[in-house]
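Dropping my_file26.pdb in here (PDB, C-alpha atoms):
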ATOM      1  CA  MET A  48      70.317 -24.107 -28.449
ATOM      2  CA  SER A  49      72.743 -26.063 -30.602
ATOM      3  CA  GLN A  50      71.897 -26.488 -34.266
ATOM      4  CA  PRO A  51      71.773 -30.102 -35.517
ATOM      5  CA  PHE A  52      71.700 -29.155 -39.205
ATOM      6  CA  ALA A  53      74.971 -28.277 -40.887
ATOM      7  CA  ARG A  54      73.989 -28.801 -44.537
ATOM      8  CA  ILE A  55      70.604 -27.521 -45.681
ATOM      9  CA  ALA A  56      69.007 -27.950 -49.098
ATOM     10  CA  VAL A  57      66.352 -25.391 -50.056
ATOM     11  CA  ILE A  58      64.174 -26.554 -52.954
ATOM     12  CA  GLY A  59      62.393 -23.594 -54.561
ATOM     13  CA  LEU A  60      63.955 -20.136 -54.490
ATOM     14  CA  GLY A  61      61.091 -17.665 -54.415
ATOM     15  CA  LEU A  62      60.160 -15.360 -51.535
ATOM     16  CA  LEU A  63      60.068 -18.067 -48.861
ATOM     17  CA  GLY A  64      62.857 -20.257 -50.170
ATOM     18  CA  GLY A  65      65.128 -17.272 -50.683
ATOM     19  CA  SER A  66      64.321 -15.997 -47.205
ATOM     20  CA  VAL A  67      65.005 -19.404 -45.627
ATOM     21  CA  ALA A  68      68.376 -19.548 -47.376
ATOM     22  CA  LEU A  69      69.338 -15.986 -46.451
ATOM     23  CA  ALA A  70      68.126 -16.315 -42.871
ATOM     24  CA  ALA A  71      69.980 -19.594 -42.346
ATOM     25  CA  ARG A  72      73.226 -18.132 -43.663
ATOM     26  CA  ALA A  73      72.826 -15.035 -41.516
ATOM     27  CA  ARG A  74      71.698 -16.677 -38.284
ATOM     28  CA  VAL A  75      73.112 -20.238 -38.212
ATOM     29  CA  PRO A  76      76.918 -20.122 -37.878
ATOM     30  CA  GLY A  77      78.820 -22.384 -40.234
ATOM     31  CA  VAL A  78      75.766 -23.675 -42.098
ATOM     32  CA  VAL A  79      76.112 -24.651 -45.760
ATOM     33  CA  VAL A  80      72.986 -23.855 -47.779
ATOM     34  CA  THR A  81      72.460 -25.397 -51.200
ATOM     35  CA  GLY A  82      69.668 -23.869 -53.249
ATOM     36  CA  TYR A  83      67.825 -25.386 -56.171
ATOM     37  CA  ASP A  84      64.938 -24.302 -58.384
ATOM     38  CA  ALA A  85      63.458 -26.141 -61.338
ATOM     39  CA  ASP A  86      63.521 -22.919 -63.359
ATOM     40  CA  PRO A  87      66.997 -22.277 -64.872
ATOM     41  CA  ALA A  88      66.356 -18.519 -64.930
ATOM     42  CA  VAL A  89      65.627 -18.531 -61.218
ATOM     43  CA  ARG A  90      68.778 -20.559 -60.538
ATOM     44  CA  ALA A  91      70.830 -18.082 -62.523
ATOM     45  CA  ARG A  92      69.397 -15.094 -60.680
ATOM     46  CA  ALA A  93      69.782 -16.817 -57.286
ATOM     47  CA  ALA A  94      73.455 -17.428 -58.043
ATOM     48  CA  GLN A  95      73.909 -13.852 -59.182
ATOM     49  CA  ILE A  96      72.528 -12.352 -55.954
ATOM     50  CA  GLY A  97      74.088 -14.954 -53.641
ATOM     51  CA  LEU A  98      70.941 -16.468 -52.146
ATOM     52  CA  ALA A  99      72.728 -19.641 -51.039
ATOM     53  CA  THR A 100      76.227 -20.939 -50.454
ATOM     54  CA  THR A 101      75.912 -22.806 -53.733
ATOM     55  CA  ILE A 102      73.188 -23.122 -56.360
ATOM     56  CA  ALA A 103      72.735 -26.688 -57.549
ATOM     57  CA  GLN A 104      71.938 -27.482 -61.159
ATOM     58  CA  SER A 105      70.088 -30.741 -60.531
ATOM     59  CA  PRO A 106      67.919 -32.360 -57.826
ATOM     60  CA  ALA A 107      70.667 -34.891 -57.160
ATOM     61  CA  GLU A 108      73.249 -32.182 -56.572
ATOM     62  CA  ALA A 109      70.813 -30.210 -54.425
ATOM     63  CA  VAL A 110      70.265 -32.865 -51.755
ATOM     64  CA  ALA A 111      73.669 -34.558 -51.775
ATOM     65  CA  ASP A 112      74.884 -34.789 -48.167
ATOM     66  CA  ALA A 113      71.967 -32.643 -46.878
ATOM     67  CA  ASP A 114      70.795 -33.280 -43.337
ATOM     68  CA  LEU A 115      67.747 -31.014 -43.778
ATOM     69  CA  VAL A 116      65.748 -30.580 -46.992
ATOM     70  CA  VAL A 117      63.164 -27.780 -47.032
ATOM     71  CA  PHE A 118      60.648 -27.739 -49.872
ATOM     72  CA  CYS A 119      59.685 -24.132 -50.654
ATOM     73  CA  VAL A 120      57.524 -24.670 -53.727
ATOM     74  CA  PRO A 121      53.754 -24.069 -54.131
ATOM     75  CA  VAL A 122      51.758 -26.797 -52.384
ATOM     76  CA  GLY A 123      50.533 -28.119 -55.727
ATOM     77  CA  ALA A 124      54.140 -28.725 -56.781
ATOM     78  CA  MET A 125      55.217 -30.536 -53.592
ATOM     79  CA  ALA A 126      54.656 -34.044 -54.942
ATOM     80  CA  ALA A 127      56.663 -33.419 -58.118
ATOM     81  CA  ALA A 128      59.479 -31.656 -56.266
ATOM     82  CA  ALA A 129      59.737 -34.481 -53.746
ATOM     83  CA  ALA A 130      59.652 -37.138 -56.460
ATOM     84  CA  ALA A 131      62.505 -35.383 -58.268
ATOM     85  CA  VAL A 132      64.840 -35.687 -55.272
ATOM     86  CA  ALA A 133      63.552 -39.043 -53.986
ATOM     87  CA  PRO A 134      66.231 -41.235 -55.619
ATOM     88  CA  TYR A 135      69.009 -39.067 -54.161
ATOM     89  CA  LEU A 136      67.698 -38.260 -50.691
ATOM     90  CA  PRO A 137      70.184 -39.179 -47.934
ATOM     91  CA  ALA A 138      68.665 -41.778 -45.627
ATOM     92  CA  ALA A 139      69.382 -39.854 -42.436
ATOM     93  CA  CYS A 140      68.154 -36.424 -43.540
ATOM     94  CA  VAL A 141      65.035 -34.673 -42.242
ATOM     95  CA  VAL A 142      62.442 -33.386 -44.702
ATOM     96  CA  SER A 143      60.353 -30.266 -44.112
ATOM     97  CA  ASP A 144      58.533 -27.582 -46.090
ATOM     98  CA  VAL A 145      56.943 -24.121 -45.842
ATOM     99  CA  GLY A 146      53.509 -24.776 -47.371
ATOM    100  CA  SER A 147      50.433 -23.058 -45.971
ATOM    101  CA  SER A 148      48.192 -26.137 -46.197
ATOM    102  CA  LYS A 149      49.515 -29.064 -44.213
ATOM    103  CA  ALA A 150      47.310 -32.159 -44.567
ATOM    104  CA  SER A 151      47.755 -32.276 -48.348
ATOM    105  CA  VAL A 152      51.485 -31.567 -48.089
ATOM    106  CA  LEU A 153      52.049 -34.298 -45.520
ATOM    107  CA  LYS A 154      50.238 -36.743 -47.795
ATOM    108  CA  ALA A 155      52.185 -35.655 -50.876
ATOM    109  CA  LEU A 156      55.582 -35.814 -49.179
ATOM    110  CA  GLY A 157      54.782 -39.137 -47.501
ATOM    111  CA  GLU A 158      53.789 -40.763 -50.789
ATOM    112  CA  ALA A 159      56.753 -39.394 -52.727
ATOM    113  CA  LEU A 160      59.303 -40.099 -49.980
ATOM    114  CA  PRO A 161      58.261 -43.344 -48.243
ATOM    115  CA  GLY A 162      60.332 -43.991 -45.151
ATOM    116  CA  ALA A 163      61.646 -40.436 -44.948
ATOM    117  CA  THR A 164      61.604 -38.473 -41.696
ATOM    118  CA  ILE A 165      59.066 -35.703 -42.405
ATOM    119  CA  VAL A 166      58.270 -32.739 -40.166
ATOM    120  CA  PRO A 167      55.988 -30.307 -42.045
ATOM    121  CA  ALA A 168      56.228 -26.618 -41.158
ATOM    122  CA  HIS A 169      54.402 -23.424 -42.018
ATOM    123  CA  PRO A 170      56.101 -20.118 -41.268
ATOM    124  CA  VAL A 171      53.214 -17.640 -41.041
ATOM    125  CA  ALA A 172      55.094 -14.868 -42.768
ATOM    126  CA  GLY A 173      55.352 -13.388 -46.207
ATOM    127  CA  THR A 174      54.772 -10.411 -48.452
ATOM    128  CA  GLU A 175      52.910  -9.878 -51.717
ATOM    129  CA  GLN A 176      56.250 -10.069 -53.570
ATOM    130  CA  SER A 177      57.540 -13.204 -55.284
ATOM    131  CA  GLY A 178      60.642 -14.504 -57.020
ATOM    132  CA  PRO A 179      64.275 -14.832 -55.915
ATOM    133  CA  ASP A 180      64.745 -11.082 -55.433
ATOM    134  CA  ALA A 181      61.884 -10.951 -52.908
ATOM    135  CA  GLY A 182      63.639 -12.920 -50.146
ATOM    136  CA  PHE A 183      65.183 -11.295 -47.072
ATOM    137  CA  ALA A 184      66.887 -12.662 -43.989
ATOM    138  CA  THR A 185      64.589 -11.122 -41.355
ATOM    139  CA  LEU A 186      61.261 -12.323 -42.790
ATOM    140  CA  PHE A 187      60.666 -14.833 -39.979
ATOM    141  CA  VAL A 188      61.793 -12.747 -37.008
ATOM    142  CA  GLY A 189      59.014 -12.566 -34.427
ATOM    143  CA  ARG A 190      56.607 -14.551 -36.601
ATOM    144  CA  TRP A 191      54.970 -17.866 -35.838
ATOM    145  CA  CYS A 192      56.103 -21.083 -37.461
ATOM    146  CA  ILE A 193      53.593 -23.904 -37.033
ATOM    147  CA  LEU A 194      54.915 -27.473 -37.093
ATOM    148  CA  THR A 195      52.453 -30.261 -37.910
ATOM    149  CA  PRO A 196      54.387 -33.497 -37.383
ATOM    150  CA  PRO A 197      52.516 -36.781 -37.885
ATOM    151  CA  ASP A 198      51.730 -38.869 -34.809
ATOM    152  CA  ASP A 199      54.627 -41.229 -35.484
ATOM    153  CA  ALA A 200      57.196 -38.484 -36.107
ATOM    154  CA  ASP A 201      60.660 -38.912 -34.605
ATOM    155  CA  PRO A 202      60.723 -36.647 -31.492
ATOM    156  CA  ALA A 203      64.375 -35.796 -32.090
ATOM    157  CA  ALA A 204      63.592 -34.649 -35.641
ATOM    158  CA  VAL A 205      60.701 -32.509 -34.412
ATOM    159  CA  THR A 206      62.962 -30.912 -31.814
ATOM    160  CA  ALA A 207      65.637 -30.287 -34.441
ATOM    161  CA  VAL A 208      63.241 -28.623 -36.905
ATOM    162  CA  SER A 209      61.814 -26.524 -34.082
ATOM    163  CA  ALA A 210      65.321 -25.400 -33.127
ATOM    164  CA  PHE A 211      66.047 -24.537 -36.753
ATOM    165  CA  TRP A 212      63.049 -22.214 -37.032
ATOM    166  CA  GLU A 213      63.792 -20.629 -33.679
ATOM    167  CA  ALA A 214      67.310 -19.920 -34.952
ATOM    168  CA  LEU A 215      65.739 -18.067 -37.895
ATOM    169  CA  GLY A 216      63.911 -15.878 -35.389
ATOM    170  CA  ALA A 217      60.493 -17.529 -35.438
ATOM    171  CA  LYS A 218      58.246 -18.540 -32.552
ATOM    172  CA  VAL A 219      57.294 -22.215 -32.888
ATOM    173  CA  GLU A 220      53.891 -23.786 -32.242
ATOM    174  CA  MET A 221      52.807 -27.421 -32.644
ATOM    175  CA  MET A 222      49.459 -28.237 -34.228
ATOM    176  CA  ASP A 223      47.543 -31.095 -35.807
ATOM    177  CA  ALA A 224      47.611 -30.766 -39.609
ATOM    178  CA  ALA A 225      43.819 -30.754 -40.041
ATOM    179  CA  HIS A 226      43.383 -28.187 -37.267
ATOM    180  CA  HIS A 227      46.104 -26.025 -38.814
ATOM    181  CA  ASP A 228      44.276 -26.045 -42.136
ATOM    182  CA  LEU A 229      41.037 -24.906 -40.499
ATOM    183  CA  VAL A 230      42.744 -22.126 -38.517
ATOM    184  CA  LEU A 231      44.675 -20.836 -41.529
ATOM    185  CA  ALA A 232      41.569 -21.004 -43.701
ATOM    186  CA  VAL A 233      40.036 -18.216 -41.616
ATOM    187  CA  THR A 234      43.171 -16.221 -40.704
ATOM    188  CA  SER A 235      44.910 -16.299 -44.100
ATOM    189  CA  HIS A 236      43.187 -18.131 -46.913
ATOM    190  CA  LEU A 237      39.715 -16.582 -46.623
ATOM    191  CA  PRO A 238      41.093 -13.011 -46.341
ATOM    192  CA  HIS A 239      43.058 -13.566 -49.540
ATOM    193  CA  LEU A 240      39.974 -14.938 -51.269
ATOM    194  CA  ILE A 241      37.976 -11.873 -50.190
ATOM    195  CA  ALA A 242      40.740  -9.542 -51.362
ATOM    196  CA  TYR A 243      40.937 -11.198 -54.779
ATOM    197  CA  THR A 244      37.141 -10.970 -55.068
ATOM    198  CA  ILE A 245      36.859  -7.293 -54.126
ATOM    199  CA  VAL A 246      39.681  -6.239 -56.428
ATOM    200  CA  GLY A 247      38.109  -8.278 -59.226
ATOM    201  CA  THR A 248      34.759  -6.592 -58.596
ATOM    202  CA  ALA A 249      36.416  -3.172 -58.775
ATOM    203  CA  SER A 250      38.061  -4.139 -62.046
ATOM    204  CA  ASP A 251      34.678  -5.139 -63.458
ATOM    205  CA  LEU A 252      33.274  -1.742 -62.427
ATOM    206  CA  GLU A 253      36.070   0.309 -63.953
ATOM    207  CA  GLU A 254      34.251   0.904 -67.227
ATOM    208  CA  VAL A 255      31.027   1.849 -65.432
ATOM    209  CA  THR A 256      32.730   4.324 -63.104
ATOM    210  CA  GLN A 257      35.113   5.744 -65.728
ATOM    211  CA  SER A 258      38.186   4.614 -63.743
ATOM    212  CA  GLU A 259      37.091   6.363 -60.537
ATOM    213  CA  VAL A 260      37.338   3.158 -58.477
ATOM    214  CA  ILE A 261      41.091   3.007 -59.001
ATOM    215  CA  LYS A 262      41.673   6.753 -59.098
ATOM    216  CA  TYR A 263      39.996   7.411 -55.762
ATOM    217  CA  SER A 264      41.077   4.258 -53.953
ATOM    218  CA  ALA A 265      40.931   4.764 -50.188
ATOM    219  CA  GLY A 266      43.168   2.986 -47.711
ATOM    220  CA  GLY A 267      40.945  -0.059 -47.344
ATOM    221  CA  PHE A 268      40.825  -0.832 -51.043
ATOM    222  CA  ARG A 269      44.529  -0.095 -51.376
ATOM    223  CA  ASP A 270      45.288  -2.719 -48.732
ATOM    224  CA  PHE A 271      43.086  -5.241 -50.510
ATOM    225  CA  THR A 272      45.076  -4.658 -53.706
ATOM    226  CA  ARG A 273      48.314  -5.365 -51.823
ATOM    227  CA  ILE A 274      46.991  -8.744 -50.661
ATOM    228  CA  ALA A 275      45.565  -9.485 -54.105
ATOM    229  CA  ALA A 276      49.014  -8.897 -55.639
ATOM    230  CA  SER A 277      50.278 -12.130 -54.056
ATOM    231  CA  ASP A 278      51.640 -14.950 -56.207
ATOM    232  CA  PRO A 279      48.690 -16.404 -58.195
ATOM    233  CA  THR A 280      50.244 -19.852 -58.570
ATOM    234  CA  MET A 281      50.762 -20.221 -54.838
ATOM    235  CA  TRP A 282      47.242 -19.101 -53.972
ATOM    236  CA  ARG A 283      45.599 -21.187 -56.669
ATOM    237  CA  ASP A 284      47.263 -24.226 -55.131
ATOM    238  CA  VAL A 285      46.347 -23.206 -51.570
ATOM    239  CA  PHE A 286      42.641 -23.025 -52.391
ATOM    240  CA  LEU A 287      42.672 -26.306 -54.287
ATOM    241  CA  HIS A 288      44.644 -28.173 -51.628
ATOM    242  CA  ASN A 289      42.843 -26.742 -48.590
ATOM    243  CA  ARG A 290      39.462 -26.896 -50.282
ATOM    244  CA  ASP A 291      37.354 -28.388 -47.480
ATOM    245  CA  ALA A 292      38.553 -26.016 -44.751
ATOM    246  CA  VAL A 293      38.233 -22.965 -47.012
ATOM    247  CA  LEU A 294      34.691 -23.918 -48.042
ATOM    248  CA  THR A 295      33.727 -24.426 -44.395
ATOM    249  CA  MET A 296      35.034 -20.996 -43.410
ATOM    250  CA  LEU A 297      33.532 -19.403 -46.530
ATOM    251  CA  GLN A 298      30.106 -20.715 -45.532
ATOM    252  CA  VAL A 299      30.461 -19.270 -42.030
ATOM    253  CA  PHE A 300      31.601 -15.947 -43.486
ATOM    254  CA  THR A 301      28.676 -15.883 -45.923
ATOM    255  CA  GLU A 302      26.234 -16.397 -43.062
ATOM    256  CA  ASP A 303      27.845 -13.596 -41.040
ATOM    257  CA  LEU A 304      27.774 -11.301 -44.073
ATOM    258  CA  THR A 305      24.077 -12.013 -44.515
ATOM    259  CA  GLU A 306      23.450 -10.947 -40.904
ATOM    260  CA  LEU A 307      25.273  -7.663 -41.515
ATOM    261  CA  GLN A 308      23.267  -7.162 -44.689
ATOM    262  CA  LYS A 309      20.070  -7.567 -42.677
ATOM    263  CA  ALA A 310      21.264  -5.089 -40.043
ATOM    264  CA  ILE A 311      22.036  -2.475 -42.705
ATOM    265  CA  ARG A 312      18.707  -3.021 -44.454
ATOM    266  CA  LYS A 313      16.792  -2.697 -41.167
ATOM    267  CA  GLY A 314      18.803   0.303 -40.016
ATOM    268  CA  ASP A 315      19.909  -1.639 -36.930
ATOM    269  CA  GLY A 316      22.689   0.669 -35.742
ATOM    270  CA  ALA A 317      23.065  -1.132 -32.429
ATOM    271  CA  ALA A 318      23.861  -4.444 -34.129
ATOM    272  CA  LEU A 319      26.392  -2.791 -36.427
ATOM    273  CA  PHE A 320      28.029  -0.890 -33.557
ATOM    274  CA  ASP A 321      28.315  -4.042 -31.425
ATOM    275  CA  HIS A 322      29.852  -5.979 -34.311
ATOM    276  CA  PHE A 323      32.372  -3.256 -35.156
ATOM    277  CA  THR A 324      33.298  -2.846 -31.472
ATOM    278  CA  ARG A 325      34.029  -6.563 -31.169
ATOM    279  CA  THR A 326      36.146  -6.646 -34.324
ATOM    280  CA  ARG A 327      38.042  -3.507 -33.293
ATOM    281  CA  ALA A 328      39.075  -5.310 -30.105
ATOM    282  CA  ILE A 329      40.485  -8.157 -32.202
ATOM    283  CA  ARG A 330      42.667  -5.701 -34.110
ATOM    284  CA  ARG A 331      43.980  -4.300 -30.835
ATOM    285  CA  SER A 332      44.794  -7.789 -29.550
ATOM    286  CA  ILE A 333      46.802  -8.535 -32.716
ATOM    287  CA  ILE A 334      48.885  -5.411 -32.092
ATOM    288  CA  ALA A 335      49.267  -6.291 -28.398
ATOM    289  CA  MET A 336      50.681  -9.695 -29.396
ATOM    290  CA  GLY A 337      53.284  -8.026 -31.612
ATOM    291  CA  GLN A 338      51.868  -9.408 -34.851
ATOM    292  CA  ASP A 339      51.411  -6.010 -36.492
ATOM    293  CA  ASP A 340      52.353  -2.355 -36.235
ATOM    294  CA  ALA A 341      50.333   0.025 -34.048
ATOM    295  CA  ARG A 342      51.645   3.132 -35.788
ATOM    296  CA  PRO A 343      49.199   5.174 -37.897
ATOM    297  CA  ASP A 344      48.572   3.845 -41.411
ATOM    298  CA  PHE A 345      50.261   0.537 -40.536
ATOM    299  CA  GLY A 346      53.630   2.238 -40.119
ATOM    300  CA  ARG A 347      53.906   3.194 -43.774
ATOM    301  CA  ASP A 348      56.709   5.569 -44.630
ATOM    302  CA  HIS A 349      55.224   8.698 -46.192
ATOM    303  CA  GLY A 350      58.497  10.583 -46.489
ATOM    304  CA  VAL A 351      59.688  13.702 -44.726
ATOM    305  CA  ALA A 352      57.143  15.413 -42.458
ATOM    306  CA  GLY A 353      54.459  12.959 -43.492
ATOM    307  CA  LYS A 354      54.553  13.968 -47.144
ATOM    308  CA  PRO A 355      54.497  11.228 -49.809
TER     309      PRO A 355
END

What would you get if you wrote out this structure as structure tokens?
Amino acid sequence: MSQPFARIAVIGLGLLGGSVALAARARVPGVVVTGYDADPAVRARAAQIGLATTIAQSPAEAVADADLVVFCVPVGAMAAAAAAVAPYLPAACVVSDVGSSKASVLKALGEALPGATIVPAHPVAGTEQSGPDAGFATLFVGRWCILTPPDDADPAAVTAVSAFWEALGAKVEMMDAAHHDLVLAVTSHLPHLIAYTIVGTASDLEEVTQSEVIKYSAGGFRDFTRIAASDPTMWRDVFLHNRDAVLTMLQVFTEDLTELQKAIRKGDGAALFDHFTRTRAIRRSIIAMGQDDARPDFGRDHGVAGKP
């Protein structure tokens, strides 16, 4: 599929922005990628490691002549980032983003950039790392990217943004913004909230258990700490900007947790077994769809002959 975008501006050069820039340069022949970050230290580091073709020093320089502008800042910073480039945005360019809540982002971009062609996107990919050094070109390969264009979106722009993400290796799905926010509340946002809570609880217990919680961490807790190491600014904004969907899913989860609590209290082994059997099947379906690794211990590298 031919690529309609020759000059791409990436606004925000953390894990996702850096990965978009690197992936575009690696996978889209001839593309020119201009990177910009509001933090001068990030700009300097991005230039040093060659994240983009050029690193702009101002919003005006960043979007000059761009035919695609991708906002890769936390969702709470979308409005300010868009307002900063608004006076300089080329009339014919397409605007997109990588935020994990879409209704609030669409509203923010629409208000800051009236008349702009906006096609919001959410690549469902990432790691717990952050900053310009965290990006890598293969982050999106085999992962889903969900587009949530408004009803009046230009079909050609939607097709072009879809082609762009496919070129980066992603599988593209279309979804209504509100529905996206509900789906991601349960598949991403709620799990992060649970991870932050459990790790916080363990921290509170450290004095009581004389550091045994951390010292004897089993695999499950270790994996929670990996999730809970994610960028706090990004996740603060996600929960504030997808508040309604997260609260809805949190209520459902609380009710389910109460049922499990009752089963444990009553010694209802059959109920527990049935629940665990059903959830085990979900894990297997995720592996079957290629969204995770079926190897033991999630494919972690333990060194030679399985030794750490």

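Using only C-alpha atoms, the smallest distance between any of A:Val120, A:Leu240, A:Val141, A:Val233 and Gly65 of chain A comes from A:Val120.
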
Go ahead and find all residues with at least one atom no further than 7 Å from (46.5, -8.2, -51.9) in the file's coordinates, using only C-alpha atoms; report them as a ChimeraX atom specification. /A:175,239,242-243,270-277

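All protein, DNA and RNA residues at most 7 Å from (61.7, -14.5, -43.2) are Leu63, Ser66, Val67, Ala70, Ala172, Phe183, Ala184, Thr185, Leu186, Phe187 and Val188 of chain A, using all atoms listed in the file.
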
What's the 12 Å shell around Ala111 of chain A, counting only C-alpha atoms, without same-chain residues fewer than 6 positions away, as a ChimeraX atom specification? /A:54-57,79-83,103-105,132-140

Contacts of Val205 of chain A at 12 Å or less, counting only C-alpha atoms, minus same-chain residues fewer than 3 places along, as a ChimeraX atom specification? /A:51,115,141-143,164-168,193-202,208-212,219-221

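From atom CA of Asp84 of chain A back to atom CA of Ile58 of chain A, the distance works out to 5.9 Å.
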
Pick out the closest residue to Leu231 of chain A from this set: A:Ala181, A:Ala88, A:Ala126, A:Ala292. Count only C-alpha atoms.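 Ranking A:Ala181, A:Ala88, A:Ala126, A:Ala292 by distance to Leu231 of chain A, first place goes to A:Ala292.
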
Closest of A:Arg283, A:Arg269, A:His226, A:Arg290 to Ile245 of chain A - atom-to-atom distances counting only C-alpha atoms: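 Among the listed residues, the smallest separation from Ile245 of chain A belongs to A:Arg269.
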
If we count only C-alpha atoms and set the cut-off at 12 Å, which residues sit around Ser151 of chain A, ignoring sequence neighbours fewer than 4 positions away in its own chain? Please answer as a ChimeraX atom specification. /A:121-126,144,146-147,155-158,167,195,224-225,227-228,284-292

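For the pair atom CA of Leu62 of chain A and atom CA of Ser177 of chain A, the separation is 5.1 Å.
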
Excluding same-chain residues fewer than 6 positions from Leu229 of chain A, what lies within 12 Å of it counting all atoms listed in the file, as a list in words?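 Those residues are Ser147, Ser148, Lys149, Ala150, Met222, Asp223, Ser235, His236, Leu237, Asn289, Arg290, Asp291, Ala292, Val293, Leu294, Thr295, Met296 and Leu297 of chain A.
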
Near Lys309 of chain A, within 10 Å and counting all atoms listed in the file, which residues show up once chain neighbours fewer than 6 positions away are dropped, as number ranges by chain? A: 303, 315, 318

Measuring atom to atom with only C-alpha atoms, identify which of A:Pro161, A:Gly59, A:Gly182, A:Gly173 is nearest to Gly97 of chain A.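 Going through A:Pro161, A:Gly59, A:Gly182, A:Gly173 one by one, the smallest distance to Gly97 of chain A is for A:Gly182.
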
In Å, with one decimal, what is the gap from atom CA of Val116 of chain A to atom CA of Gly64 of chain A? 11.2 Å

Give me segment 195-211 of chain A with N, CA and C atoms filled in, as an mmCIF file, keeping the file's coordinate frame.
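Below you can see rebuild22.cif, which holds the result:
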data_model
loop_
_atom_site.group_PDB
_atom_site.id
_atom_site.type_symbol
_atom_site.label_atom_id
_atom_site.label_comp_id
_atom_site.auth_asym_id
_atom_site.auth_seq_id
_atom_site.Cartn_x
_atom_site.Cartn_y
_atom_site.Cartn_z
ATOM 1 N N THR A 195 53.558 -29.300 -37.952
ATOM 2 C CA THR A 195 52.453 -30.261 -37.910
ATOM 3 C C THR A 195 52.985 -31.678 -38.120
ATOM 4 N N PRO A 196 53.808 -32.166 -37.202
ATOM 5 C CA PRO A 196 54.387 -33.497 -37.383
ATOM 6 C C PRO A 196 53.322 -34.580 -37.274
ATOM 7 N N PRO A 197 53.453 -35.664 -38.030
ATOM 8 C CA PRO A 197 52.516 -36.781 -37.885
ATOM 9 C C PRO A 197 52.682 -37.439 -36.524
ATOM 10 N N ASP A 198 51.717 -38.245 -36.135
ATOM 11 C CA ASP A 198 51.730 -38.869 -34.809
ATOM 12 C C ASP A 198 52.966 -39.729 -34.569
ATOM 13 N N ASP A 199 53.478 -40.333 -35.631
ATOM 14 C CA ASP A 199 54.627 -41.229 -35.484
ATOM 15 C C ASP A 199 55.956 -40.540 -35.787
ATOM 16 N N ALA A 200 55.966 -39.217 -35.789
ATOM 17 C CA ALA A 200 57.196 -38.484 -36.107
ATOM 18 C C ALA A 200 58.272 -38.728 -35.062
ATOM 19 N N ASP A 201 59.514 -38.755 -35.498
ATOM 20 C CA ASP A 201 60.660 -38.912 -34.605
ATOM 21 C C ASP A 201 60.773 -37.669 -33.716
ATOM 22 N N PRO A 202 60.660 -37.809 -32.384
ATOM 23 C CA PRO A 202 60.723 -36.647 -31.492
ATOM 24 C C PRO A 202 62.010 -35.833 -31.662
ATOM 25 N N ALA A 203 63.108 -36.507 -31.918
ATOM 26 C CA ALA A 203 64.375 -35.796 -32.090
ATOM 27 C C ALA A 203 64.336 -34.927 -33.340
ATOM 28 N N ALA A 204 63.700 -35.429 -34.405
ATOM 29 C CA ALA A 204 63.592 -34.649 -35.641
ATOM 30 C C ALA A 204 62.696 -33.440 -35.430
ATOM 31 N N VAL A 205 61.612 -33.624 -34.700
ATOM 32 C CA VAL A 205 60.701 -32.509 -34.412
ATOM 33 C C VAL A 205 61.435 -31.429 -33.611
ATOM 34 N N THR A 206 62.185 -31.856 -32.624
ATOM 35 C CA THR A 206 62.962 -30.912 -31.814
ATOM 36 C C THR A 206 63.986 -30.174 -32.664
ATOM 37 N N ALA A 207 64.620 -30.899 -33.587
ATOM 38 C CA ALA A 207 65.637 -30.287 -34.441
ATOM 39 C C ALA A 207 65.029 -29.253 -35.382
ATOM 40 N N VAL A 208 63.898 -29.571 -35.993
ATOM 41 C CA VAL A 208 63.241 -28.623 -36.905
ATOM 42 C C VAL A 208 62.751 -27.407 -36.128
ATOM 43 N N SER A 209 62.240 -27.643 -34.934
ATOM 44 C CA SER A 209 61.814 -26.524 -34.082
ATOM 45 C C SER A 209 62.990 -25.605 -33.771
ATOM 46 N N ALA A 210 64.126 -26.190 -33.433
ATOM 47 C CA ALA A 210 65.321 -25.400 -33.127
ATOM 48 C C ALA A 210 65.790 -24.621 -34.349
ATOM 49 N N PHE A 211 65.652 -25.216 -35.522
ATOM 50 C CA PHE A 211 66.047 -24.537 -36.753
ATOM 51 C C PHE A 211 65.219 -23.271 -36.957
#
